[in-house]
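Structure file protein.pdb (PDB, C-alpha atoms) is printed below.
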```
ATOM      1  CA  MET J 221     310.395 -63.488 -81.155  1.00  0.00           C
ATOM      2  CA  ILE J 222     307.807 -64.088 -78.434  1.00  0.00           C
ATOM      3  CA  ASN J 223     304.787 -61.849 -78.424  1.00  0.00           C
ATOM      4  CA  SER J 224     304.578 -59.647 -75.271  1.00  0.00           C
ATOM      5  CA  LYS J 225     301.113 -61.001 -74.489  1.00  0.00           C
ATOM      6  CA  THR J 226     302.385 -64.594 -74.709  1.00  0.00           C
ATOM      7  CA  PHE J 227     305.378 -63.749 -72.509  1.00  0.00           C
ATOM      8  CA  PHE J 228     303.105 -62.148 -69.881  1.00  0.00           C
ATOM      9  CA  LEU J 229     300.739 -65.158 -69.804  1.00  0.00           C
ATOM     10  CA  THR J 230     303.676 -67.583 -69.566  1.00  0.00           C
ATOM     11  CA  ALA J 231     305.209 -65.609 -66.690  1.00  0.00           C
ATOM     12  CA  LEU J 232     301.825 -65.427 -64.908  1.00  0.00           C
ATOM     13  CA  ALA J 233     301.340 -69.198 -65.278  1.00  0.00           C
ATOM     14  CA  ALA J 234     304.861 -69.857 -63.966  1.00  0.00           C
ATOM     15  CA  VAL J 235     304.286 -67.664 -60.894  1.00  0.00           C
ATOM     16  CA  THR J 236     300.950 -69.393 -60.222  1.00  0.00           C
ATOM     17  CA  VAL J 237     302.449 -72.884 -60.496  1.00  0.00           C
ATOM     18  CA  LEU J 238     305.452 -72.011 -58.286  1.00  0.00           C
ATOM     19  CA  SER J 239     303.312 -70.360 -55.603  1.00  0.00           C
ATOM     20  CA  THR J 240     301.033 -73.414 -55.550  1.00  0.00           C
ATOM     21  CA  ALA J 241     304.077 -75.666 -55.194  1.00  0.00           C
ATOM     22  CA  PHE J 242     305.312 -73.620 -52.202  1.00  0.00           C
ATOM     23  CA  ALA J 243     301.917 -74.082 -50.512  1.00  0.00           C
ATOM     24  CA  PHE J 244     302.455 -77.856 -50.436  1.00  0.00           C
ATOM     25  CA  LEU J 245     305.940 -77.738 -48.907  1.00  0.00           C
ATOM     26  CA  PRO J 246     306.022 -78.923 -45.273  1.00  0.00           C
ATOM     27  CA  MET J 247     306.041 -76.125 -42.713  1.00  0.00           C
ATOM     28  CA  ALA J 248     308.541 -76.064 -39.874  1.00  0.00           C
ATOM     29  CA  GLU J 249     308.132 -74.125 -36.664  1.00  0.00           C
ATOM     30  CA  GLY J 250     310.422 -73.486 -33.767  1.00  0.00           C
ATOM     31  CA  HIS J 251     311.630 -70.832 -31.439  1.00  0.00           C
ATOM     32  CA  GLY J 252     315.034 -69.692 -30.385  1.00  0.00           C
ATOM     33  CA  VAL J 253     316.071 -69.150 -26.810  1.00  0.00           C
ATOM     34  CA  GLN J 254     318.208 -66.067 -26.654  1.00  0.00           C
ATOM     35  CA  ALA J 255     321.663 -66.408 -25.167  1.00  0.00           C
ATOM     36  CA  GLN J 256     321.026 -63.888 -22.401  1.00  0.00           C
ATOM     37  CA  LEU J 257     318.232 -66.101 -21.034  1.00  0.00           C
ATOM     38  CA  GLN J 258     320.725 -68.869 -20.243  1.00  0.00           C
ATOM     39  CA  SER J 259     321.929 -67.980 -16.779  1.00  0.00           C
ATOM     40  CA  ARG J 260     325.647 -67.797 -16.027  1.00  0.00           C
ATOM     41  CA  PHE J 261     324.842 -67.804 -12.313  1.00  0.00           C
ATOM     42  CA  VAL J 262     322.622 -70.881 -11.879  1.00  0.00           C
ATOM     43  CA  LYS J 263     322.436 -73.812 -14.279  1.00  0.00           C
ATOM     44  CA  ILE J 264     319.179 -75.751 -14.632  1.00  0.00           C
ATOM     45  CA  ASN J 265     320.158 -79.435 -14.878  1.00  0.00           C
ATOM     46  CA  ASP J 266     318.151 -82.604 -15.571  1.00  0.00           C
ATOM     47  CA  GLU J 267     314.906 -80.799 -16.437  1.00  0.00           C
ATOM     48  CA  SER J 268     312.215 -83.468 -16.924  1.00  0.00           C
ATOM     49  CA  PHE J 269     308.473 -83.363 -17.511  1.00  0.00           C
ATOM     50  CA  SER J 270     305.902 -85.841 -16.156  1.00  0.00           C
ATOM     51  CA  ALA J 271     303.959 -85.848 -19.444  1.00  0.00           C
ATOM     52  CA  GLN J 272     304.100 -84.561 -22.998  1.00  0.00           C
ATOM     53  CA  THR J 273     300.334 -84.737 -23.584  1.00  0.00           C
ATOM     54  CA  VAL J 274     297.748 -83.725 -20.982  1.00  0.00           C
ATOM     55  CA  HIS J 275     294.050 -82.885 -20.881  1.00  0.00           C
ATOM     56  CA  THR J 276     292.820 -79.568 -19.479  1.00  0.00           C
ATOM     57  CA  GLY J 277     292.435 -79.960 -15.728  1.00  0.00           C
ATOM     58  CA  ASP J 278     295.305 -82.470 -15.534  1.00  0.00           C
ATOM     59  CA  THR J 279     298.568 -81.571 -13.864  1.00  0.00           C
ATOM     60  CA  ILE J 280     302.091 -81.661 -15.162  1.00  0.00           C
ATOM     61  CA  THR J 281     305.173 -81.765 -12.952  1.00  0.00           C
ATOM     62  CA  VAL J 282     308.519 -80.322 -14.011  1.00  0.00           C
ATOM     63  CA  LYS J 283     311.531 -81.506 -12.007  1.00  0.00           C
ATOM     64  CA  GLY J 284     315.226 -80.803 -12.129  1.00  0.00           C
ATOM     65  CA  THR J 285     318.227 -79.506 -10.236  1.00  0.00           C
ATOM     66  CA  LEU J 286     319.441 -75.929  -9.752  1.00  0.00           C
ATOM     67  CA  GLN J 287     323.248 -75.760  -9.664  1.00  0.00           C
ATOM     68  CA  SER J 288     324.743 -72.520  -8.335  1.00  0.00           C
ATOM     69  CA  LEU J 289     327.813 -71.453 -10.326  1.00  0.00           C
ATOM     70  CA  VAL J 290     328.826 -68.532  -8.074  1.00  0.00           C
ATOM     71  CA  ASN J 291     330.512 -68.083  -4.695  1.00  0.00           C
ATOM     72  CA  ARG J 292     327.722 -66.102  -3.053  1.00  0.00           C
ATOM     73  CA  PRO J 293     324.164 -66.906  -1.982  1.00  0.00           C
ATOM     74  CA  LEU J 294     321.340 -65.919  -4.328  1.00  0.00           C
ATOM     75  CA  ARG J 295     317.625 -65.227  -3.829  1.00  0.00           C
ATOM     76  CA  ALA J 296     315.360 -66.625  -6.523  1.00  0.00           C
ATOM     77  CA  TRP J 297     311.868 -67.787  -7.438  1.00  0.00           C
ATOM     78  CA  LEU J 298     310.634 -70.444  -9.875  1.00  0.00           C
ATOM     79  CA  SER J 299     308.016 -70.213 -12.580  1.00  0.00           C
ATOM     80  CA  LEU J 300     307.143 -71.720 -15.957  1.00  0.00           C
ATOM     81  CA  PHE J 301     307.674 -69.951 -19.269  1.00  0.00           C
ATOM     82  CA  SER J 302     305.420 -71.260 -22.032  1.00  0.00           C
ATOM     83  CA  ASP J 303     305.707 -70.173 -25.625  1.00  0.00           C
ATOM     84  CA  SER J 304     302.567 -70.685 -27.746  1.00  0.00           C
ATOM     85  CA  THR J 305     300.399 -69.211 -30.470  1.00  0.00           C
ATOM     86  CA  ASN J 306     297.455 -68.368 -28.198  1.00  0.00           C
ATOM     87  CA  ALA J 307     297.418 -65.894 -25.330  1.00  0.00           C
ATOM     88  CA  GLY J 308     295.788 -66.125 -21.944  1.00  0.00           C
ATOM     89  CA  VAL J 309     296.080 -67.922 -18.642  1.00  0.00           C
ATOM     90  CA  ARG J 310     297.569 -71.287 -19.545  1.00  0.00           C
ATOM     91  CA  TRP J 311     298.663 -72.797 -16.227  1.00  0.00           C
ATOM     92  CA  GLU J 312     297.600 -72.675 -12.588  1.00  0.00           C
ATOM     93  CA  PHE J 313     300.402 -73.417 -10.130  1.00  0.00           C
ATOM     94  CA  ILE J 314     299.483 -76.160  -7.665  1.00  0.00           C
ATOM     95  CA  ALA J 315     302.769 -76.788  -5.815  1.00  0.00           C
ATOM     96  CA  ARG J 316     306.405 -75.688  -5.788  1.00  0.00           C
ATOM     97  CA  ASP J 317     309.424 -77.228  -4.134  1.00  0.00           C
ATOM     98  CA  PRO J 318     311.348 -75.434  -2.652  1.00  0.00           C
ATOM     99  CA  PRO J 319     308.079 -74.182  -1.153  1.00  0.00           C
ATOM    100  CA  GLY J 320     307.054 -70.541  -1.084  1.00  0.00           C
ATOM    101  CA  ASN J 321     307.578 -67.877  -3.656  1.00  0.00           C
ATOM    102  CA  ILE J 322     311.152 -66.765  -2.881  1.00  0.00           C
ATOM    103  CA  PHE J 323     313.945 -69.050  -1.693  1.00  0.00           C
ATOM    104  CA  ASP J 324     317.710 -68.876  -1.175  1.00  0.00           C
ATOM    105  CA  ILE J 325     320.299 -70.764  -3.194  1.00  0.00           C
ATOM    106  CA  PRO J 326     323.516 -71.179  -1.174  1.00  0.00           C
ATOM    107  CA  ALA J 327     326.869 -70.582  -2.887  1.00  0.00           C
ATOM    108  CA  GLN J 328     327.952 -73.520  -5.104  1.00  0.00           C
ATOM    109  CA  ALA J 329     324.905 -75.526  -3.920  1.00  0.00           C
ATOM    110  CA  SER J 330     322.817 -77.997  -5.853  1.00  0.00           C
ATOM    111  CA  ILE J 331     319.076 -77.836  -5.073  1.00  0.00           C
ATOM    112  CA  PRO J 332     316.409 -80.180  -6.469  1.00  0.00           C
ATOM    113  CA  TYR J 333     313.214 -78.453  -7.582  1.00  0.00           C
ATOM    114  CA  SER J 334     309.700 -79.397  -8.618  1.00  0.00           C
ATOM    115  CA  ILE J 335     306.834 -77.350 -10.080  1.00  0.00           C
ATOM    116  CA  THR J 336     303.328 -78.799 -10.448  1.00  0.00           C
ATOM    117  CA  ALA J 337     300.846 -76.893 -12.608  1.00  0.00           C
ATOM    118  CA  LYS J 338     297.324 -77.521 -13.901  1.00  0.00           C
ATOM    119  CA  ALA J 339     296.673 -77.054 -17.637  1.00  0.00           C
ATOM    120  CA  LEU J 340     293.889 -74.511 -18.259  1.00  0.00           C
ATOM    121  CA  GLU J 341     293.885 -73.908 -22.029  1.00  0.00           C
ATOM    122  CA  PRO J 342     294.280 -76.301 -24.955  1.00  0.00           C
ATOM    123  CA  GLY J 343     297.204 -75.736 -27.274  1.00  0.00           C
ATOM    124  CA  ILE J 344     300.732 -76.787 -28.085  1.00  0.00           C
ATOM    125  CA  TYR J 345     303.231 -75.162 -25.741  1.00  0.00           C
ATOM    126  CA  HIS J 346     306.998 -75.152 -25.492  1.00  0.00           C
ATOM    127  CA  VAL J 347     307.432 -75.068 -21.716  1.00  0.00           C
ATOM    128  CA  HIS J 348     310.620 -74.091 -19.847  1.00  0.00           C
ATOM    129  CA  THR J 349     311.528 -73.868 -16.189  1.00  0.00           C
ATOM    130  CA  GLN J 350     312.051 -70.165 -15.532  1.00  0.00           C
ATOM    131  CA  LEU J 351     314.369 -69.248 -12.671  1.00  0.00           C
ATOM    132  CA  ASN J 352     314.252 -65.567 -11.739  1.00  0.00           C
ATOM    133  CA  ILE J 353     317.287 -64.437  -9.738  1.00  0.00           C
ATOM    134  CA  GLU J 354     317.067 -61.265  -7.666  1.00  0.00           C
ATOM    135  CA  HIS J 355     319.028 -58.327  -9.197  1.00  0.00           C
ATOM    136  CA  ILE J 356     320.085 -60.530 -12.140  1.00  0.00           C
ATOM    137  CA  GLY J 357     316.996 -61.597 -14.086  1.00  0.00           C
ATOM    138  CA  PRO J 358     315.507 -64.740 -15.604  1.00  0.00           C
ATOM    139  CA  GLY J 359     317.134 -67.912 -16.848  1.00  0.00           C
ATOM    140  CA  LEU J 360     315.435 -70.732 -18.744  1.00  0.00           C
ATOM    141  CA  GLY J 361     315.823 -74.497 -18.730  1.00  0.00           C
ATOM    142  CA  PRO J 362     316.037 -76.452 -21.998  1.00  0.00           C
ATOM    143  CA  GLY J 363     312.252 -76.956 -22.156  1.00  0.00           C
ATOM    144  CA  GLN J 364     309.967 -79.441 -23.850  1.00  0.00           C
ATOM    145  CA  THR J 365     306.895 -79.327 -26.077  1.00  0.00           C
ATOM    146  CA  VAL J 366     303.648 -80.139 -24.244  1.00  0.00           C
ATOM    147  CA  GLN J 367     300.300 -80.662 -25.957  1.00  0.00           C
ATOM    148  CA  VAL J 368     297.140 -79.801 -24.002  1.00  0.00           C
ATOM    149  CA  THR J 369     293.786 -81.064 -25.273  1.00  0.00           C
ATOM    150  CA  GLY J 370     290.221 -80.504 -24.081  1.00  0.00           C
ATOM    151  CA  PRO J 371     287.961 -77.533 -23.419  1.00  0.00           C
ATOM    152  CA  PRO J 372     289.400 -74.423 -21.765  1.00  0.00           C
ATOM    153  CA  ILE J 373     288.915 -73.976 -18.030  1.00  0.00           C
ATOM    154  CA  PHE J 374     287.898 -70.426 -17.179  1.00  0.00           C
ATOM    155  CA  LYS J 375     288.757 -68.989 -13.771  1.00  0.00           C
ATOM    156  CA  PRO J 376     286.407 -66.453 -12.157  1.00  0.00           C
ATOM    157  CA  VAL J 377     287.394 -62.806 -12.510  1.00  0.00           C
ATOM    158  CA  PRO J 378     288.569 -61.353  -9.157  1.00  0.00           C
ATOM    159  CA  TRP J 379     286.241 -58.323  -9.273  1.00  0.00           C
ATOM    160  CA  GLY J 380     287.292 -57.232  -5.777  1.00  0.00           C
ATOM    161  CA  ASP J 381     290.902 -56.870  -6.920  1.00  0.00           C
ATOM    162  CA  ILE J 382     289.871 -54.960 -10.044  1.00  0.00           C
ATOM    163  CA  THR J 383     287.642 -52.614  -8.026  1.00  0.00           C
ATOM    164  CA  TYR J 384     290.454 -51.974  -5.529  1.00  0.00           C
ATOM    165  CA  GLN J 385     292.916 -51.176  -8.320  1.00  0.00           C
ATOM    166  CA  CYS J 386     290.416 -48.811  -9.999  1.00  0.00           C
ATOM    167  CA  ILE J 387     289.886 -46.957  -6.715  1.00  0.00           C
ATOM    168  CA  ILE J 388     293.648 -46.581  -6.166  1.00  0.00           C
ATOM    169  CA  ILE J 389     294.248 -45.398  -9.747  1.00  0.00           C
ATOM    170  CA  GLY J 390     291.280 -43.000  -9.598  1.00  0.00           C
ATOM    171  CA  SER J 391     292.499 -41.562  -6.277  1.00  0.00           C
ATOM    172  CA  GLY J 392     295.973 -41.044  -7.698  1.00  0.00           C
ATOM    173  CA  LEU J 393     294.601 -39.282 -10.765  1.00  0.00           C
ATOM    174  CA  GLY J 394     292.323 -37.137  -8.583  1.00  0.00           C
ATOM    175  CA  ILE J 395     295.235 -36.065  -6.399  1.00  0.00           C
ATOM    176  CA  THR J 396     297.370 -35.335  -9.454  1.00  0.00           C
ATOM    177  CA  PHE J 397     294.691 -33.172 -11.078  1.00  0.00           C
ATOM    178  CA  ALA J 398     293.790 -31.425  -7.789  1.00  0.00           C
ATOM    179  CA  THR J 399     297.380 -30.500  -6.938  1.00  0.00           C
ATOM    180  CA  ARG J 400     298.508 -29.548 -10.449  1.00  0.00           C
ATOM    181  CA  PRO J 401     295.686 -27.677 -12.142  1.00  0.00           C
ATOM    182  CA  TRP J 402     298.016 -26.158 -14.784  1.00  0.00           C
ATOM    183  CA  GLN J 403     298.539 -29.667 -16.251  1.00  0.00           C
ATOM    184  CA  VAL J 404     294.800 -30.165 -16.799  1.00  0.00           C
ATOM    185  CA  ILE J 405     294.393 -27.142 -19.058  1.00  0.00           C
TER     186      ILE J 405
END
```

Would you write out, as structure tokens, the structure that this file holds?
Amino acid sequence: MINSKTFFLTALAAVTVLSTAFAFLPMAEGHGVQAQLQSRFVKINDESFSAQTVHTGDTITVKGTLQSLVNRPLRAWLSLFSDSTNAGVRWEFIARDPPGNIFDIPAQASIPYSITAKALEPGIYHVHTQLNIEHIGPGLGPGQTVQVTGPPIFKPVPWGDITYQCIIIGSGLGITFATRPWQVI
């Protein structure tokens, strides 16, 4: 019969060896795109990226085709969705085609698109074309992994915008407290 002390030390050694072995197993990462983010109204076809590796300050262009799957016109706008481990401002939009923020997609039409963005922060990103359709929501293209190297590029803080927002919020709170004194107490 094994002594309880011997059994405990054997079990502790086994746990230590197994946990060390797990540390050396290769790690795999990925992300899932939820089914509701694949649009049933507009399909993003032939999504292609100008580069897979860029330096901060360089631009990347994402091109493809938007294929309407419905019999009515839609209003939409394009953006990029990037999934990464770090947070912050990652991209600065340089150009969009169709130009402007909001554009129309005719019924059953096929529209080529292009988005050019400047990389601002280093990291490894999984980038998708994001098509936002009015009254429906977003849809994502298949996407691609893009690696950005180099030092981060910091944009100046728009203090005028922040001051304006603080004034508006402060005024709203002042009006609320002045007109409803029973809520303050």

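Distances from J:Lys263, J:Arg295, J:Arg310, J:Arg400 to Tyr345 (chain J) were compared using all atoms listed in the file, and the smallest one belongs to J:Arg310.
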
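Comparing J:Ser259, J:Ala271, J:His346, J:Gln328 by their smallest distance to Phe301 (chain J), the closest is J:His346 (using all atoms listed in the file).
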
- prompt: Hey, what comes out of the PyMOL selection byres ((chain J and resi 359) around 10) on this file? Could you write it as a PyMOL selection string?
  reply: chain J and resi 255-264+298+301+348-353+356-358+360-361

query: So how many Å separate CA of Pro372 (chain J) and CA of Thr273 (chain J), to one decimal?
result: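 Between these atoms lies a distance of 15.1 Å.
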
- request: Could you tell me which of J:Leu289, J:Ala234, J:Leu300, J:Ala327 comes closest to Ala339 (chain J) if we count only C-alpha atoms?
  value: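 For Ala339 (chain J), the nearest of the given residues is J:Leu300.
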
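Across the model, the gap from CA of Thr285 (chain J) to CA of Tyr333 (chain J) is 5.8 Å.
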
Closest of J:Ser391, J:Thr276, J:Ser299, J:Ser268 to Gly343 (chain J) - atom-to-atom distances counting all atoms listed in the file: J:Thr276

task: List the residues matched by the PyMOL selection byres ((chain J and resi 281) around 7) in the displayed structure as number ranges by chain, ordered by chain and then by residue number.
output: J: 269-270, 279-280, 282-283, 334-337

- prompt: What is the distance, in Å and to one decimal place, between CA of Thr369 (chain J) and CA of Arg316 (chain J)?
  reply: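 Answer for the CA of Thr369 (chain J) to CA of Arg316 (chain J) separation: 23.8 Å.
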
statement: Between J:Pro371, J:Pro342, J:Pro376, J:Pro293, smallest distance to Pro326 (chain J) by all atoms listed in the file belongs to J:Pro293

Would you compute an axis-aligned box for region 309-325 of chain J, covering every atom listed for it in the file with 8 Å of margin on each side, and report centre and edge lengths in Å to one decimal as AutoDock Vina command-line options?
```
--center_x 308.2 --center_y -72.0 --center_z -10.3 --size_x 40.2 --size_y 26.5 --size_z 34.5
```

Take the PyMOL selection byres ((chain J and resi 364) around 6), apply it to the structure above, and return the hits as a PDB file with C-alpha atoms, keeping the file's coordinate frame.
```
ATOM      1  CA  HIS J 346     306.998 -75.152 -25.492  1.00  0.00           C
ATOM      2  CA  VAL J 347     307.432 -75.068 -21.716  1.00  0.00           C
ATOM      3  CA  GLY J 363     312.252 -76.956 -22.156  1.00  0.00           C
ATOM      4  CA  THR J 365     306.895 -79.327 -26.077  1.00  0.00           C
TER       5      THR J 365
END
```

Residue nearest Ile322 (chain J) - candidates J:Trp297, J:Asn265, J:Ile344, J:Ser239, atoms counted: only C-alpha atoms: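 Checking each of J:Trp297, J:Asn265, J:Ile344, J:Ser239 against Ile322 (chain J), counting only C-alpha atoms, the winner is J:Trp297.
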
With the input short on atoms, add N, CA and C atoms back to region 371-397 of chain J and write it as a PDB file, keeping the file's coordinate frame.
```
ATOM      1  N   PRO J 371     288.550 -78.882 -23.457  1.00  0.00           N
ATOM      2  CA  PRO J 371     287.961 -77.533 -23.419  1.00  0.00           C
ATOM      3  C   PRO J 371     288.704 -76.641 -22.443  1.00  0.00           C
ATOM      4  N   PRO J 372     288.722 -75.336 -22.692  1.00  0.00           N
ATOM      5  CA  PRO J 372     289.400 -74.423 -21.765  1.00  0.00           C
ATOM      6  C   PRO J 372     288.679 -74.381 -20.415  1.00  0.00           C
ATOM      7  N   ILE J 373     289.457 -74.153 -19.374  1.00  0.00           N
ATOM      8  CA  ILE J 373     288.915 -73.976 -18.030  1.00  0.00           C
ATOM      9  C   ILE J 373     289.041 -72.494 -17.697  1.00  0.00           C
ATOM     10  N   PHE J 374     287.897 -71.860 -17.467  1.00  0.00           N
ATOM     11  CA  PHE J 374     287.898 -70.426 -17.179  1.00  0.00           C
ATOM     12  C   PHE J 374     287.858 -70.210 -15.671  1.00  0.00           C
ATOM     13  N   LYS J 375     288.719 -69.338 -15.193  1.00  0.00           N
ATOM     14  CA  LYS J 375     288.757 -68.989 -13.771  1.00  0.00           C
ATOM     15  C   LYS J 375     287.890 -67.757 -13.560  1.00  0.00           C
ATOM     16  N   PRO J 376     287.231 -67.640 -12.403  1.00  0.00           N
ATOM     17  CA  PRO J 376     286.407 -66.453 -12.157  1.00  0.00           C
ATOM     18  C   PRO J 376     287.264 -65.184 -12.074  1.00  0.00           C
ATOM     19  N   VAL J 377     286.695 -64.095 -12.541  1.00  0.00           N
ATOM     20  CA  VAL J 377     287.394 -62.806 -12.510  1.00  0.00           C
ATOM     21  C   VAL J 377     287.381 -62.274 -11.076  1.00  0.00           C
ATOM     22  N   PRO J 378     288.532 -61.896 -10.526  1.00  0.00           N
ATOM     23  CA  PRO J 378     288.569 -61.353  -9.157  1.00  0.00           C
ATOM     24  C   PRO J 378     288.111 -59.894  -9.150  1.00  0.00           C
ATOM     25  N   TRP J 379     286.785 -59.672  -9.170  1.00  0.00           N
ATOM     26  CA  TRP J 379     286.241 -58.323  -9.273  1.00  0.00           C
ATOM     27  C   TRP J 379     286.662 -57.450  -8.106  1.00  0.00           C
ATOM     28  N   GLY J 380     286.850 -58.018  -6.933  1.00  0.00           N
ATOM     29  CA  GLY J 380     287.292 -57.232  -5.777  1.00  0.00           C
ATOM     30  C   GLY J 380     288.654 -56.608  -6.022  1.00  0.00           C
ATOM     31  N   ASP J 381     289.569 -57.393  -6.611  1.00  0.00           N
ATOM     32  CA  ASP J 381     290.902 -56.870  -6.920  1.00  0.00           C
ATOM     33  C   ASP J 381     290.830 -55.764  -7.965  1.00  0.00           C
ATOM     34  N   ILE J 382     289.997 -55.960  -8.979  1.00  0.00           N
ATOM     35  CA  ILE J 382     289.871 -54.960 -10.044  1.00  0.00           C
ATOM     36  C   ILE J 382     289.277 -53.671  -9.488  1.00  0.00           C
ATOM     37  N   THR J 383     288.252 -53.796  -8.634  1.00  0.00           N
ATOM     38  CA  THR J 383     287.642 -52.614  -8.026  1.00  0.00           C
ATOM     39  C   THR J 383     288.660 -51.858  -7.173  1.00  0.00           C
ATOM     40  N   TYR J 384     289.433 -52.588  -6.380  1.00  0.00           N
ATOM     41  CA  TYR J 384     290.454 -51.974  -5.529  1.00  0.00           C
ATOM     42  C   TYR J 384     291.477 -51.211  -6.381  1.00  0.00           C
ATOM     43  N   GLN J 385     291.942 -51.834  -7.459  1.00  0.00           N
ATOM     44  CA  GLN J 385     292.916 -51.176  -8.320  1.00  0.00           C
ATOM     45  C   GLN J 385     292.331 -49.927  -8.971  1.00  0.00           C
ATOM     46  N   CYS J 386     291.058 -49.980  -9.388  1.00  0.00           N
ATOM     47  CA  CYS J 386     290.416 -48.811  -9.999  1.00  0.00           C
ATOM     48  C   CYS J 386     290.304 -47.663  -8.997  1.00  0.00           C
ATOM     49  N   ILE J 387     289.987 -47.996  -7.747  1.00  0.00           N
ATOM     50  CA  ILE J 387     289.886 -46.957  -6.715  1.00  0.00           C
ATOM     51  C   ILE J 387     291.252 -46.306  -6.486  1.00  0.00           C
ATOM     52  N   ILE J 388     292.293 -47.110  -6.388  1.00  0.00           N
ATOM     53  CA  ILE J 388     293.648 -46.581  -6.166  1.00  0.00           C
ATOM     54  C   ILE J 388     294.086 -45.711  -7.342  1.00  0.00           C
ATOM     55  N   ILE J 389     293.858 -46.177  -8.560  1.00  0.00           N
ATOM     56  CA  ILE J 389     294.248 -45.398  -9.747  1.00  0.00           C
ATOM     57  C   ILE J 389     293.445 -44.113  -9.820  1.00  0.00           C
ATOM     58  N   GLY J 390     292.131 -44.191  -9.575  1.00  0.00           N
ATOM     59  CA  GLY J 390     291.280 -43.000  -9.598  1.00  0.00           C
ATOM     60  C   GLY J 390     291.697 -41.985  -8.544  1.00  0.00           C
ATOM     61  N   SER J 391     292.040 -42.467  -7.337  1.00  0.00           N
ATOM     62  CA  SER J 391     292.499 -41.562  -6.277  1.00  0.00           C
ATOM     63  C   SER J 391     293.794 -40.874  -6.684  1.00  0.00           C
ATOM     64  N   GLY J 392     294.699 -41.622  -7.251  1.00  0.00           N
ATOM     65  CA  GLY J 392     295.973 -41.044  -7.698  1.00  0.00           C
ATOM     66  C   GLY J 392     295.771 -39.992  -8.770  1.00  0.00           C
ATOM     67  N   LEU J 393     294.879 -40.273  -9.730  1.00  0.00           N
ATOM     68  CA  LEU J 393     294.601 -39.282 -10.765  1.00  0.00           C
ATOM     69  C   LEU J 393     293.920 -38.048 -10.176  1.00  0.00           C
ATOM     70  N   GLY J 394     293.001 -38.265  -9.230  1.00  0.00           N
ATOM     71  CA  GLY J 394     292.323 -37.137  -8.583  1.00  0.00           C
ATOM     72  C   GLY J 394     293.300 -36.243  -7.851  1.00  0.00           C
ATOM     73  N   ILE J 395     294.228 -36.847  -7.122  1.00  0.00           N
ATOM     74  CA  ILE J 395     295.235 -36.065  -6.399  1.00  0.00           C
ATOM     75  C   ILE J 395     296.128 -35.315  -7.377  1.00  0.00           C
ATOM     76  N   THR J 396     296.518 -35.978  -8.451  1.00  0.00           N
ATOM     77  CA  THR J 396     297.370 -35.335  -9.454  1.00  0.00           C
ATOM     78  C   THR J 396     296.672 -34.124 -10.062  1.00  0.00           C
ATOM     79  N   PHE J 397     295.408 -34.281 -10.465  1.00  0.00           N
ATOM     80  CA  PHE J 397     294.691 -33.172 -11.078  1.00  0.00           C
ATOM     81  C   PHE J 397     294.382 -32.076 -10.073  1.00  0.00           C
TER      82      PHE J 397
END
```
